>>> print(open('coords_22.cif').read())   # mmCIF, C-alpha atoms
data_coords
#
loop_
_atom_site.label_atom_id
_atom_site.label_comp_id
_atom_site.auth_asym_id
_atom_site.auth_seq_id
_atom_site.Cartn_x
_atom_site.Cartn_y
_atom_site.Cartn_z
CA MET A 1 17.32 -13.73 48.06
CA ARG A 2 15.23 -12.50 45.16
CA SER A 3 11.99 -10.64 45.82
CA ASN A 4 8.61 -12.16 45.08
CA LEU A 5 7.82 -10.51 41.76
CA PRO A 6 3.99 -10.62 41.86
CA ALA A 7 4.00 -8.80 45.20
CA TYR A 8 5.20 -5.64 43.49
CA GLU A 9 3.33 -3.09 41.45
CA LEU A 10 4.85 -0.65 39.02
CA ARG A 11 2.62 1.63 36.99
CA GLU A 12 3.34 4.25 34.43
CA ALA A 13 2.13 7.74 35.19
CA ARG A 14 0.29 9.31 32.24
CA ASP A 15 1.68 12.73 33.04
CA LEU A 16 2.90 14.72 36.03
CA THR A 17 -0.66 15.56 37.14
CA GLY A 18 -1.52 11.86 37.07
CA ALA A 19 1.60 10.96 39.04
CA LEU A 20 0.85 13.58 41.70
CA ALA A 21 -2.77 12.39 42.00
CA MET A 22 -1.55 8.85 42.62
CA LEU A 23 0.97 10.03 45.21
CA ALA A 24 -1.79 12.08 46.90
CA SER A 25 -4.21 9.15 47.00
CA GLY A 26 -2.22 7.47 49.75
CA GLY A 27 -3.26 4.18 48.21
CA GLY A 28 -6.31 4.12 50.49
CA SER A 29 -4.49 2.67 53.48
CA GLU A 30 -3.83 4.33 56.84
CA SER A 31 -0.47 2.66 57.33
CA GLY A 32 1.05 4.06 54.14
CA GLU A 33 1.80 0.53 52.97
CA GLY A 34 -0.56 0.89 50.03
CA ALA A 35 0.72 4.33 49.05
CA TRP A 36 2.46 4.93 45.75
CA LYS A 37 6.10 5.90 45.74
CA PRO A 38 8.06 7.33 42.83
CA PHE A 39 10.38 5.13 40.78
CA ALA A 40 12.79 6.85 38.38
CA GLY A 41 15.77 5.15 36.72
CA GLY A 42 15.83 2.21 39.12
CA THR A 43 19.58 2.21 39.82
CA ASP A 44 18.96 2.16 43.57
CA LEU A 45 15.50 0.59 43.86
CA MET A 46 16.19 -2.36 41.53
CA VAL A 47 19.29 -3.23 43.56
CA LEU A 48 17.17 -3.44 46.72
CA PHE A 49 14.47 -5.33 44.81
CA GLU A 50 16.89 -7.96 43.57
CA ALA A 51 18.37 -8.34 47.03
CA GLY A 52 14.91 -8.94 48.52
CA LYS A 53 15.24 -5.73 50.55
CA LEU A 54 12.72 -3.47 48.85
CA ALA A 55 10.16 -3.16 51.63
CA HIS A 56 7.72 -0.90 49.82
CA LYS A 57 5.63 -2.63 47.14
CA ARG A 58 3.80 -0.03 45.05
CA PHE A 59 5.61 2.25 42.68
CA ILE A 60 4.79 4.71 40.00
CA SER A 61 7.27 5.13 37.18
CA ILE A 62 8.22 8.77 36.63
CA TRP A 63 11.10 7.88 34.26
CA ASN A 64 9.31 8.99 31.11
CA LEU A 65 7.61 12.13 32.37
CA PRO A 66 8.69 14.98 30.09
CA GLU A 67 7.75 17.49 32.83
CA LEU A 68 10.69 16.18 34.87
CA ARG A 69 13.23 16.24 32.05
CA GLY A 70 15.28 18.94 30.45
CA ILE A 71 17.84 21.51 31.51
CA SER A 72 16.95 25.14 30.94
CA GLU A 73 18.82 28.39 31.35
CA SER A 74 17.80 31.89 32.28
CA PRO A 75 20.18 34.80 32.95
CA ASP A 76 20.15 34.11 36.70
CA VAL A 77 19.65 30.38 37.13
CA LEU A 78 20.13 26.98 35.57
CA THR A 79 17.16 24.67 36.14
CA ILE A 80 17.62 20.91 35.93
CA GLY A 81 14.59 18.62 35.69
CA ALA A 82 14.76 16.04 38.48
CA ALA A 83 14.62 13.06 36.11
CA SER A 84 17.65 14.34 34.17
CA THR A 85 20.26 11.61 34.12
CA TYR A 86 23.93 11.90 34.96
CA ALA A 87 24.53 11.42 31.23
CA ASP A 88 22.34 14.48 30.53
CA ILE A 89 24.28 16.45 33.12
CA ARG A 90 27.78 15.44 32.07
CA ARG A 91 27.27 16.45 28.45
CA HIS A 92 25.52 19.77 29.09
CA PRO A 93 27.87 22.56 28.00
CA THR A 94 26.67 25.18 30.50
CA ILE A 95 27.03 22.75 33.39
CA ALA A 96 30.55 21.87 32.22
CA ARG A 97 31.47 25.56 32.00
CA GLU A 98 29.73 27.07 35.03
CA PHE A 99 29.10 24.16 37.38
CA PRO A 100 32.14 21.92 36.90
CA LEU A 101 31.72 20.29 40.33
CA LEU A 102 28.34 18.92 39.30
CA GLN A 103 29.73 17.76 35.98
CA ARG A 104 32.60 15.96 37.76
CA ALA A 105 30.10 14.36 40.14
CA ALA A 106 28.13 13.05 37.15
CA VAL A 107 31.27 11.76 35.43
CA GLU A 108 32.45 10.00 38.60
CA THR A 109 29.12 8.40 39.51
CA GLY A 110 28.94 4.66 38.90
CA SER A 111 29.65 3.64 35.33
CA ILE A 112 28.41 4.76 31.90
CA ALA A 113 25.45 2.39 32.31
CA THR A 114 24.61 3.85 35.73
CA GLN A 115 24.92 7.37 34.37
CA ASN A 116 22.42 6.58 31.62
CA ARG A 117 19.74 5.57 34.13
CA GLY A 118 20.52 7.31 37.41
CA THR A 119 18.77 10.66 37.88
CA LEU A 120 19.75 13.74 39.85
CA GLY A 121 16.39 13.81 41.65
CA GLY A 122 16.77 10.13 42.48
CA ASN A 123 20.24 10.68 43.86
CA ILE A 124 18.85 13.43 46.12
CA ALA A 125 15.76 11.50 47.24
CA ASN A 126 17.67 8.26 47.86
CA ALA A 127 19.52 10.37 50.44
CA SER A 128 22.66 8.29 50.69
CA PRO A 129 25.29 10.13 52.75
CA ALA A 130 27.82 8.80 50.22
CA ALA A 131 26.03 10.17 47.15
CA ASP A 132 28.26 11.98 44.67
CA SER A 133 26.16 14.94 43.58
CA PRO A 134 25.01 16.45 46.93
CA PRO A 135 28.36 18.04 47.88
CA ALA A 136 28.35 19.86 44.54
CA LEU A 137 24.74 20.95 45.03
CA VAL A 138 25.52 22.27 48.50
CA VAL A 139 28.47 24.28 47.17
CA TYR A 140 26.27 25.83 44.49
CA ASP A 141 23.49 26.84 46.96
CA ALA A 142 21.03 24.69 45.01
CA GLU A 143 17.29 25.01 45.54
CA LEU A 144 14.70 22.29 45.09
CA GLU A 145 11.21 22.59 43.71
CA LEU A 146 8.89 20.14 45.44
CA VAL A 147 5.52 19.59 43.78
CA SER A 148 2.34 17.92 44.91
CA ALA A 149 -1.29 17.92 43.82
CA ASN A 150 -1.65 21.00 46.05
CA GLY A 151 1.02 23.09 44.39
CA SER A 152 4.69 23.74 44.46
CA ARG A 153 7.27 25.07 46.92
CA TRP A 154 10.94 25.98 46.64
CA ILE A 155 13.35 25.19 49.45
CA PRO A 156 17.10 25.58 49.87
CA TYR A 157 18.77 22.21 49.26
CA ALA A 158 20.85 22.86 52.39
CA ASP A 159 17.64 22.45 54.44
CA PHE A 160 16.38 19.33 52.67
CA HIS A 161 18.24 16.59 54.52
CA ARG A 162 17.21 16.45 58.18
CA GLY A 163 19.01 13.32 59.34
CA TYR A 164 19.98 9.93 57.96
CA LYS A 165 17.44 9.29 55.17
CA GLN A 166 15.19 11.95 56.72
CA MET A 167 14.06 14.63 54.30
CA ASP A 168 11.81 17.65 54.06
CA LEU A 169 9.67 15.77 51.53
CA ARG A 170 6.09 14.71 52.14
CA PRO A 171 4.84 11.36 50.79
CA ASP A 172 2.64 13.20 48.28
CA GLU A 173 5.53 15.31 46.96
CA LEU A 174 8.00 14.84 44.14
CA ILE A 175 11.23 16.67 43.47
CA ARG A 176 10.50 18.44 40.21
CA ASN A 177 13.45 20.76 39.61
CA ILE A 178 16.90 21.52 40.92
CA ARG A 179 17.85 25.16 40.45
CA LEU A 180 21.39 26.52 40.58
CA PRO A 181 22.09 30.28 40.80
CA ARG A 182 24.58 31.38 38.16
CA GLY A 183 27.45 33.82 38.52
CA ARG A 184 30.08 31.60 40.15
CA ALA A 185 32.10 31.00 37.01
CA GLY A 186 35.00 33.07 38.36
CA TRP A 187 35.32 31.00 41.52
CA LYS A 188 38.15 28.48 41.82
CA GLN A 189 36.61 25.05 42.24
CA ARG A 190 37.60 21.51 43.10
CA TYR A 191 35.74 18.20 43.19
CA HIS A 192 37.57 15.18 44.54
CA LYS A 193 36.03 11.79 45.14
CA VAL A 194 38.16 9.34 47.08
CA GLY A 195 37.17 5.73 46.45
CA THR A 196 38.79 2.38 45.82
CA ARG A 197 38.76 2.72 42.04
CA ARG A 198 37.95 5.33 39.44
CA THR A 199 34.68 3.79 38.21
CA GLN A 200 31.89 2.10 40.18
CA ALA A 201 33.24 3.26 43.52
CA ILE A 202 31.16 4.50 46.41
CA SER A 203 33.14 7.25 48.07
CA LYS A 204 35.14 6.99 51.27
CA VAL A 205 35.22 10.79 51.24
CA CYS A 206 33.76 13.12 48.65
CA PHE A 207 34.95 16.74 48.61
CA ALA A 208 33.55 19.74 46.75
CA ALA A 209 34.67 23.31 47.24
CA ALA A 210 34.58 26.71 45.58
CA ILE A 211 36.37 29.88 46.59
CA ASP A 212 36.03 33.48 45.47
CA LEU A 213 39.32 35.31 45.90
CA ASP A 214 40.10 39.01 45.73
CA GLY A 215 43.87 38.85 45.37
CA ARG A 216 44.71 36.64 48.37
CA THR A 217 41.66 37.67 50.36
CA VAL A 218 38.86 35.15 50.68
CA ARG A 219 35.74 37.00 49.58
CA ASP A 220 33.53 33.94 49.90
CA VAL A 221 33.88 30.17 50.06
CA ARG A 222 31.81 26.98 50.08
CA ILE A 223 33.07 23.61 51.27
CA ALA A 224 30.92 20.46 51.35
CA LEU A 225 31.66 16.79 51.85
CA GLY A 226 29.99 13.44 51.40
CA SER A 227 30.52 10.25 53.44
CA VAL A 228 31.58 12.12 56.58
CA ALA A 229 28.17 12.60 58.25
CA PRO A 230 24.62 11.15 58.10
CA ILE A 231 23.75 13.86 55.55
CA PRO A 232 25.71 15.87 52.98
CA PHE A 233 27.91 18.05 55.16
CA ARG A 234 28.55 21.74 54.74
CA ALA A 235 31.76 22.74 56.52
CA ALA A 236 30.37 25.94 58.04
CA ALA A 237 33.08 26.38 60.70
CA THR A 238 35.85 26.03 58.14
CA GLU A 239 34.10 28.45 55.79
CA ASN A 240 33.69 30.98 58.61
CA LEU A 241 37.36 30.71 59.52
CA LEU A 242 38.33 31.49 55.93
CA ARG A 243 35.85 34.19 54.97
CA GLY A 244 37.39 37.67 54.89
CA GLN A 245 40.85 36.38 55.73
CA THR A 246 44.11 36.47 53.78
CA LEU A 247 44.98 33.09 52.38
CA ASN A 248 48.44 32.04 53.59
CA SER A 249 49.95 28.80 54.80
CA ASP A 250 48.97 29.40 58.44
CA LEU A 251 45.35 29.93 57.44
CA VAL A 252 45.39 26.90 55.14
CA HIS A 253 46.60 24.66 57.95
CA ALA A 254 44.16 26.16 60.42
CA ALA A 255 41.40 25.37 57.92
CA GLY A 256 42.59 21.75 57.77
CA GLU A 257 42.45 21.47 61.55
CA THR A 258 39.04 23.14 61.72
CA LEU A 259 37.61 20.81 59.11
CA ALA A 260 39.04 17.74 60.85
CA GLY A 261 37.42 19.00 64.05
CA GLU A 262 33.99 19.76 62.68
CA ILE A 263 33.31 16.41 61.00
CA ALA A 264 32.50 13.21 62.85
CA PRO A 265 32.80 10.43 60.26
CA ILE A 266 32.10 6.82 61.16
CA ASP A 267 33.88 3.51 60.71
CA ASP A 268 32.12 1.31 58.17
CA PHE A 269 33.01 -1.35 55.63
CA ARG A 270 34.31 1.23 53.18
CA SER A 271 36.64 3.15 55.44
CA THR A 272 37.42 4.31 58.96
CA SER A 273 36.65 7.47 60.84
CA ARG A 274 40.37 8.17 61.24
CA TYR A 275 41.13 7.77 57.55
CA ARG A 276 38.18 9.93 56.52
CA ARG A 277 39.12 12.74 58.90
CA ARG A 278 42.72 12.70 57.72
CA VAL A 279 41.75 12.63 54.04
CA ALA A 280 39.20 15.43 54.47
CA LYS A 281 41.87 17.57 56.13
CA ASN A 282 44.38 16.80 53.38
CA LEU A 283 41.84 17.58 50.66
CA VAL A 284 41.01 21.03 52.02
CA ILE A 285 44.69 21.83 52.56
CA ASP A 286 45.51 20.68 49.05
CA PHE A 287 42.66 22.70 47.57
CA LEU A 288 43.42 25.93 49.43
CA GLY A 289 47.13 25.52 48.77
CA SER A 290 46.52 25.27 45.02
CA VAL A 291 44.30 28.30 44.42
CA MET B 292 -1.78 -6.19 50.61
CA PRO B 293 -2.67 -4.86 47.19
CA ASP B 294 -4.09 -7.27 44.67
CA ALA B 295 -1.47 -9.09 42.64
CA PRO B 296 -0.88 -6.81 39.68
CA GLU B 297 -1.44 -7.99 36.18
CA LYS B 298 1.17 -8.48 33.58
CA ILE B 299 1.58 -5.75 31.04
CA LEU B 300 1.95 -5.89 27.30
CA LEU B 301 5.60 -5.28 26.54
CA GLU B 302 6.04 -4.12 22.99
CA CYS B 303 9.53 -3.21 21.92
CA GLU B 304 12.11 -3.81 19.25
CA VAL B 305 14.92 -6.24 19.99
CA ASN B 306 17.81 -6.44 17.53
CA GLY B 307 15.63 -4.95 14.82
CA GLN B 308 12.69 -7.31 15.35
CA ARG B 309 9.32 -6.32 16.74
CA VAL B 310 8.57 -8.12 19.99
CA SER B 311 5.27 -8.30 21.81
CA ILE B 312 5.02 -10.35 25.00
CA ARG B 313 3.36 -10.19 28.38
CA ALA B 314 5.60 -9.48 31.32
CA HIS B 315 5.34 -8.41 34.91
CA PRO B 316 6.02 -4.65 35.06
CA MET B 317 8.82 -5.12 37.61
CA ALA B 318 10.38 -8.08 35.78
CA ARG B 319 14.00 -7.37 35.06
CA LEU B 320 14.73 -6.75 31.40
CA LEU B 321 17.57 -9.25 31.88
CA ASP B 322 15.08 -12.01 32.71
CA VAL B 323 12.72 -11.02 29.91
CA LEU B 324 15.58 -11.27 27.42
CA ARG B 325 16.94 -14.56 28.71
CA GLU B 326 13.84 -16.42 29.82
CA ASP B 327 11.04 -15.08 27.64
CA LEU B 328 12.94 -14.24 24.47
CA HIS B 329 15.63 -16.95 24.91
CA LEU B 330 18.38 -14.45 24.18
CA THR B 331 20.86 -16.00 26.58
CA GLY B 332 23.90 -14.12 25.27
CA THR B 333 23.22 -11.45 27.90
CA LYS B 334 24.63 -12.79 31.16
CA GLU B 335 23.78 -12.27 34.79
CA GLY B 336 26.74 -11.55 37.04
CA CYS B 337 26.05 -9.60 40.20
CA GLY B 338 22.40 -8.64 39.68
CA GLU B 339 23.05 -5.26 41.26
CA GLY B 340 24.50 -3.06 38.55
CA GLU B 341 28.14 -3.47 39.55
CA CYS B 342 29.58 -5.93 37.02
CA GLY B 343 28.15 -5.04 33.60
CA ALA B 344 27.70 -8.66 32.44
CA CYS B 345 24.08 -7.87 31.56
CA SER B 346 24.88 -4.73 29.51
CA VAL B 347 22.58 -4.02 26.58
CA GLU B 348 21.66 -0.87 24.70
CA ILE B 349 18.26 0.80 25.05
CA ASN B 350 17.68 3.48 22.42
CA GLY B 351 21.44 3.62 21.93
CA ALA B 352 22.25 4.08 25.63
CA LEU B 353 24.25 1.46 27.50
CA VAL B 354 22.33 0.07 30.49
CA ASN B 355 22.53 -2.74 33.00
CA SER B 356 19.53 -4.86 32.04
CA CYS B 357 19.30 -6.26 35.58
CA LEU B 358 18.27 -2.79 36.78
CA VAL B 359 15.66 -1.99 34.13
CA PRO B 360 12.08 -3.03 34.87
CA ALA B 361 10.06 -4.34 31.93
CA LEU B 362 7.64 -1.43 32.19
CA GLN B 363 10.41 1.00 31.31
CA ALA B 364 11.46 -1.06 28.29
CA ARG B 365 8.12 -0.55 26.55
CA ASN B 366 8.34 1.07 23.12
CA THR B 367 12.13 1.12 23.16
CA LYS B 368 14.76 -0.23 20.76
CA ILE B 369 16.96 -2.78 22.47
CA ARG B 370 20.22 -4.17 21.17
CA THR B 371 21.81 -7.24 22.74
CA VAL B 372 24.99 -9.12 21.94
CA GLU B 373 22.95 -11.29 19.56
CA GLY B 374 22.48 -8.14 17.49
CA LEU B 375 26.19 -7.71 16.79
CA ALA B 376 26.86 -10.31 14.10
CA ALA B 377 25.19 -10.07 10.70
CA GLY B 378 24.17 -13.67 10.10
CA GLU B 379 27.39 -15.70 10.11
CA ARG B 380 29.56 -12.63 9.75
CA LEU B 381 30.94 -11.49 13.07
CA HIS B 382 31.09 -7.82 14.04
CA ALA B 383 34.57 -6.24 14.04
CA ILE B 384 34.37 -6.04 17.83
CA GLN B 385 33.74 -9.79 18.07
CA GLU B 386 36.60 -10.51 15.66
CA ALA B 387 38.89 -8.30 17.70
CA PHE B 388 38.03 -10.02 21.00
CA ILE B 389 38.87 -13.37 19.37
CA SER B 390 42.10 -12.28 17.71
CA THR B 391 43.52 -10.50 20.78
CA GLY B 392 42.46 -13.18 23.26
CA GLY B 393 40.12 -10.73 24.97
CA ALA B 394 37.86 -13.52 26.23
CA GLN B 395 38.56 -16.43 28.53
CA CYS B 396 35.65 -17.87 30.51
CA GLY B 397 33.29 -15.68 28.48
CA ILE B 398 30.82 -14.54 31.12
CA CYS B 399 31.84 -10.89 30.95
CA THR B 400 32.43 -10.92 27.19
CA PRO B 401 28.93 -10.03 25.92
CA GLY B 402 28.76 -7.08 28.32
CA MET B 403 32.30 -6.00 27.43
CA MET B 404 31.44 -6.07 23.75
CA MET B 405 28.23 -4.08 24.29
CA ALA B 406 30.16 -1.47 26.30
CA ALA B 407 32.77 -1.39 23.52
CA LEU B 408 30.08 -1.03 20.85
CA ASN B 409 28.50 1.82 22.79
CA LEU B 410 31.85 3.54 23.34
CA LEU B 411 32.86 3.31 19.68
CA ALA B 412 29.49 4.73 18.62
CA ARG B 413 30.21 7.79 20.78
CA ASN B 414 33.93 7.95 20.18
CA SER B 415 35.35 6.23 17.11
CA ALA B 416 39.01 6.68 18.10
CA PRO B 417 39.20 6.36 21.88
CA THR B 418 42.42 6.68 23.87
CA GLU B 419 43.32 3.93 26.30
CA MET B 420 42.00 6.06 29.17
CA GLU B 421 38.71 6.55 27.34
CA ILE B 422 38.45 2.80 26.78
CA ARG B 423 39.11 2.23 30.48
CA GLU B 424 36.32 4.67 31.32
CA GLY B 425 33.91 3.26 28.72
CA LEU B 426 34.40 -0.27 30.02
CA GLY B 427 34.83 0.77 33.66
CA GLY B 428 31.47 -0.69 34.63
CA ASN B 429 32.36 -4.15 33.31
CA LEU B 430 34.25 -6.57 35.50
CA CYS B 431 36.41 -9.43 34.23
CA ARG B 432 37.96 -11.97 36.58
CA CYS B 433 40.07 -13.78 33.97
CA THR B 434 41.97 -11.60 31.57
CA GLY B 435 43.42 -8.78 33.64
CA TYR B 436 41.72 -6.40 31.18
CA VAL B 437 44.77 -5.59 29.05
CA LYS B 438 43.75 -7.89 26.20
CA ILE B 439 40.22 -6.54 26.37
CA PHE B 440 41.49 -2.97 25.99
CA GLU B 441 43.66 -4.16 23.09
CA ALA B 442 40.60 -5.73 21.49
CA VAL B 443 38.69 -2.44 21.66
CA MET B 444 41.66 -0.50 20.29
CA SER B 445 42.01 -3.02 17.49
CA ALA B 446 38.29 -2.93 16.69
CA ALA B 447 38.36 0.87 16.58
CA LYS B 448 41.20 0.76 14.04
CA GLU B 449 39.49 -1.91 11.96
CA ILE B 450 36.18 -0.04 11.89
CA GLY B 451 38.02 3.20 11.12
CA ALA B 452 39.94 1.56 8.26
CA ARG B 453 36.74 0.26 6.72
CA GLY B 454 35.33 3.79 6.89
#
>>> encode(input="coords_22.cif", output="structure tokens")
Amino acid sequence: MRSNLPAYELREARDLTGALAMLASGGGSESGEGAWKPFAGGTDLMVLFEAGKLAHKRFISIWNLPELRGISESPDVLTIGAASTYADIRRHPTIAREFPLLQRAAVETGSIATQNRGTLGGNIANASPAADSPPALVVYDAELELVSANGSRWIPYADFHRGYKQMDLRPDELIRNIRLPRGRAGWKQRYHKVGTRRTQAISKVCFAAAIDLDGRTVRDVRIALGSVAPIPFRAAATENLLRGQTLNSDLVHAAGETLAGEIAPIDDFRSTSRYRRRVAKNLVIDFLGSV
Amino acid sequence: MPDAPEKILLECEVNGQRVSIRAHPMARLLDVLREDLHLTGTKEGCGEGECGACSVEINGALVNSCLVPALQARNTKIRTVEGLAAGERLHAIQEAFISTGGAQCGICTPGMMMAALNLLARNSAPTEMEIREGLGGNLCRCTGYVKIFEAVMSAAKEIGARG
């Protein structure tokens, strides 16, 4: 059932300041119905629109705002503008070299056409538990810059998702930048998306991990998964089991059991809880057994 | 409810021609192309970005035109399947789809050819895996894909041979 086109508004923001002023205006209604919401590449919102399921009616296009584009490097961090597309991310040489999990996430998202329109900020703000980039961002201890007409604040990405589609993001705020600390290039890393086909799949389980080894001793480790919880899941218990320990087959299998125990995936039309738990366990065992 | 918004002036370039029409800002580029510009080569399949039948290029980037609102097409250069042939002379990609039997019912074919065009612009000598990735967002329910991949391989060779 197609949406009623004239019921929707989409305006172009002149610049970031203009966009933030519109977001701050609240649209003059108490209910929030008249408020402006951001609209980036449209790969999620246009799907809802076409299906007649886009409840909100007023949007401001942030697709062309140069303030939200670009990927910049400093000695300590890589900063990705929130409206950077997956295509921008997959062809960025520093991301390919130092943040391969994020590059793999970009390569494995949707199709080439999706990658040309979908944005990293949009993927974060759409807050799908099955999104491809969040597990990589969790592994890299990403931080988000949230901006509003009143200023800017940085928060750890790990604290951003509060529950299913619940975020630490006010209606007047936009995600402006995603910042990744550098210095993990020596870590062994793995990204593995399990779906029904290579392209255009939404994951049954999405796995991202990085481990810093000193010989066979686990100096540090990050493990994150998508599609196993209402929000991107960081496997804290499994990480704690591993940290400081000597990596051997007993520890690898214990990590598999711990991971299977700390996730509570659901049955849905893409997969089952049982399958997801088994696959997550196998993925962590396979990863730790290969490093 | 907000007042019904006005249409916007959509100025862009389609297949090398300047276009200036009025459109609703949320109108799908797919509908603007088909219904306002009568460029019906671009097809609608799923309407949700899964099938690639509506693939066109915007500023050289492959997109699903069902997911692009008219507002975001302003001041862009759009290429549709109608922009492939030069007059009566078919593009090498079109010739290759015909000679290899890469088209049956034809609904996916314009999108397949646009994805192929876009791939070959980025990668003039793709491997079969690269072709599979480049066309991975385009679904075909007739051919089983093998002849389509052969068409792209054949077009790549033909274009390469012509220099």
>>> atom_distance(input="coords_22.cif", atom1="atom CA of A:Leu146", atom2="atom CA of A:Gln103")
23.0 Å
>>> closest_atom_pairs(input="coords_22.cif", of="chain B", to="chain A", cutoff="10 Å", atoms="all atoms listed in the file", output="Markdown table")
| residue | atom | partner | partner_atom | distance |
| --- | --- | --- | --- | --- |
| B:Met292 | CA | A:Gly34 | CA | 7.2 |
| B:Pro293 | CA | A:Gly34 | CA | 6.8 |
| B:Asp294 | CA | A:Ala7 | CA | 8.3 |
| B:Ala295 | CA | A:Pro6 | CA | 5.7 |
| B:Pro296 | CA | A:Glu9 | CA | 5.9 |
| B:Glu297 | CA | A:Pro6 | CA | 8.3 |
| B:Lys298 | CA | A:Pro6 | CA | 9.0 |
| B:Ile299 | CA | A:Arg11 | CA | 9.5 |
| B:His315 | CA | A:Pro6 | CA | 7.4 |
| B:Pro316 | CA | A:Leu10 | CA | 5.7 |
| B:Met317 | CA | A:Leu10 | CA | 6.1 |
| B:Ala318 | CA | A:Leu5 | CA | 6.9 |
| B:Arg319 | CA | A:Met46 | CA | 8.5 |
| B:Cys337 | CA | A:Val47 | CA | 9.9 |
| B:Gly338 | CA | A:Glu50 | CA | 6.8 |
| B:Glu339 | CA | A:Val47 | CA | 4.9 |
| B:Gly340 | CA | A:Val47 | CA | 7.2 |
| B:Glu341 | CA | A:Gln200 | CA | 6.7 |
| B:Cys342 | CA | A:Gln200 | CA | 8.9 |
| B:Gly343 | CA | A:Ala113 | CA | 8.0 |
| B:Ser346 | CA | A:Ala113 | CA | 7.7 |
| B:Val347 | CA | A:Ala113 | CA | 9.1 |
| B:Glu348 | CA | A:Ala113 | CA | 9.1 |
| B:Ile349 | CA | A:Asn116 | CA | 9.7 |
| B:Ala352 | CA | A:Asn116 | CA | 6.5 |
| B:Leu353 | CA | A:Ala113 | CA | 5.0 |
| B:Val354 | CA | A:Ala113 | CA | 4.3 |
| B:Asn355 | CA | A:Ala113 | CA | 5.9 |
| B:Ser356 | CA | A:Ala113 | CA | 9.4 |
| B:Cys357 | CA | A:Met46 | CA | 7.8 |
| B:Leu358 | CA | A:Met46 | CA | 5.2 |
| B:Val359 | CA | A:Gly42 | CA | 6.5 |
| B:Pro360 | CA | A:Gly42 | CA | 7.7 |
| B:Ala361 | CA | A:Leu10 | CA | 9.5 |
| B:Leu362 | CA | A:Leu10 | CA | 7.4 |
| B:Gln363 | CA | A:Trp63 | CA | 7.5 |
| B:Ala406 | CA | A:Ala113 | CA | 8.6 |
| B:Asn409 | CA | A:Ile112 | CA | 9.6 |
| B:Leu410 | CA | A:Ile112 | CA | 9.3 |
| B:Arg423 | CA | A:Thr199 | CA | 9.0 |
| B:Glu424 | CA | A:Thr199 | CA | 7.1 |
| B:Gly425 | CA | A:Ile112 | CA | 6.5 |
| B:Leu426 | CA | A:Ile112 | CA | 8.0 |
| B:Gly427 | CA | A:Thr199 | CA | 5.5 |
| B:Gly428 | CA | A:Ser111 | CA | 4.7 |
| B:Asn429 | CA | A:Ser111 | CA | 8.5 |
>>> resolve_selection(input="coords_22.cif", expression="the PyMOL selection byres ((chain A and resi 169-174) around 7)", output="list in words")
Leu20, Leu23, Ala24, Leu146, Val147, Ser148, Met167, Asp168, Ile175 and Arg176 of chain A
>>> resolve_selection(input="coords_22.cif", expression="the PyMOL selection byres ((chain B and resi 335) around 6)", output="PyMOL selection string")
chain B and resi 334+336+344-345
>>> residues_around(input="coords_22.cif", residues="B:Ser311", least_positions_apart="3", cutoff="8 Å", atoms="all atoms listed in the file", output="list of chain:residue names")
B:Leu300, B:Leu301, B:Glu302, B:Cys303
>>> residues_near_point(input="coords_22.cif", point="(26.3, -4.4, 22.0)", cutoff="6 Å", atoms="all atoms listed in the file", output="NGL selection string")
:B and (347 or 371-372 or 404-405 or 408)
>>> resolve_selection(input="coords_22.cif", expression="the PyMOL selection byres ((chain B and resi 330) around 12)", output="list of chain:residue names")
B:Val305, B:Asn306, B:Leu320, B:Leu321, B:Asp322, B:Val323, B:Leu324, B:Arg325, B:Glu326, B:Asp327, B:Leu328, B:His329, B:Thr331, B:Gly332, B:Thr333, B:Lys334, B:Cys345, B:Val347, B:Ile369, B:Arg370, B:Thr371, B:Val372, B:Glu373, B:Gly374, B:Pro401
>>> closest_residue(input="coords_22.cif", among="A:Pro75, A:Gly70, A:Pro265, A:Gly226", to="A:Pro129", atoms="only C-alpha atoms")
A:Gly226
>>> atom_distance(input="coords_22.cif", atom1="atom CA of A:Arg184", atom2="atom CA of A:Ala254")
25.3 Å
>>> residues_around(input="coords_22.cif", residues="stretch 202-209 of chain A", least_positions_apart="3", cutoff="9 Å", atoms="only C-alpha atoms", output="JSON, numbers by chain")
{"A": [101, 109, 110, 130, 131, 132, 135, 136, 138, 139, 188, 189, 190, 191, 192, 193, 194, 195, 196, 197, 199, 221, 222, 223, 224, 225, 226, 227, 228, 270, 271, 272, 275, 276, 277, 279, 280, 283, 284, 287]}
>>> atom_distance(input="coords_22.cif", atom1="atom CA of A:Ala236", atom2="atom CA of A:Arg97")
26.1 Å
>>> closest_residue(input="coords_22.cif", among="A:Glu145, A:Glu257, A:Asp159, A:Glu73", to="A:Ile95", atoms="all atoms listed in the file")
A:Glu73
>>> residues_around(input="coords_22.cif", residues="A:Pro181", least_positions_apart="4", cutoff="8 Å", atoms="only C-alpha atoms", output="list in words")
Asp76, Val77, Leu78, Tyr140, Asp141 and Ala142 of chain A
>>> axis_aligned_box(input="coords_22.cif", around="stretch 445-450 of chain B", padding_each_side="6 Å", output="lines of an AutoDock Vina configuration file")
center_x = 39.1
center_y = -1.1
center_z = 14.7
size_x = 17.8
size_y = 15.9
size_z = 17.6
>>> residues_around(input="coords_22.cif", residues="A:Leu247", least_positions_apart="2", cutoff="8 Å", atoms="only C-alpha atoms", output="PyMOL selection string")
chain A and resi 216-218+242+245+249+251-252+288
>>> decode(input="coords_22.cif", residues="stretch 55-61 of chain A", atoms="C-alpha atoms", output="short mmCIF file (atom, residue, chain, number, x, y, z; two decimals), in the first residue's frame")
data_model
loop_
_atom_site.label_atom_id
_atom_site.label_comp_id
_atom_site.auth_asym_id
_atom_site.auth_seq_id
_atom_site.Cartn_x
_atom_site.Cartn_y
_atom_site.Cartn_z
CA ALA A 55 4.51 7.20 10.18
CA HIS A 56 6.42 10.46 10.45
CA LYS A 57 5.63 13.01 7.73
CA ARG A 58 8.16 15.85 7.86
CA PHE A 59 11.75 15.37 6.87
CA ILE A 60 14.78 17.45 6.24
CA SER A 61 17.30 16.18 3.72
#
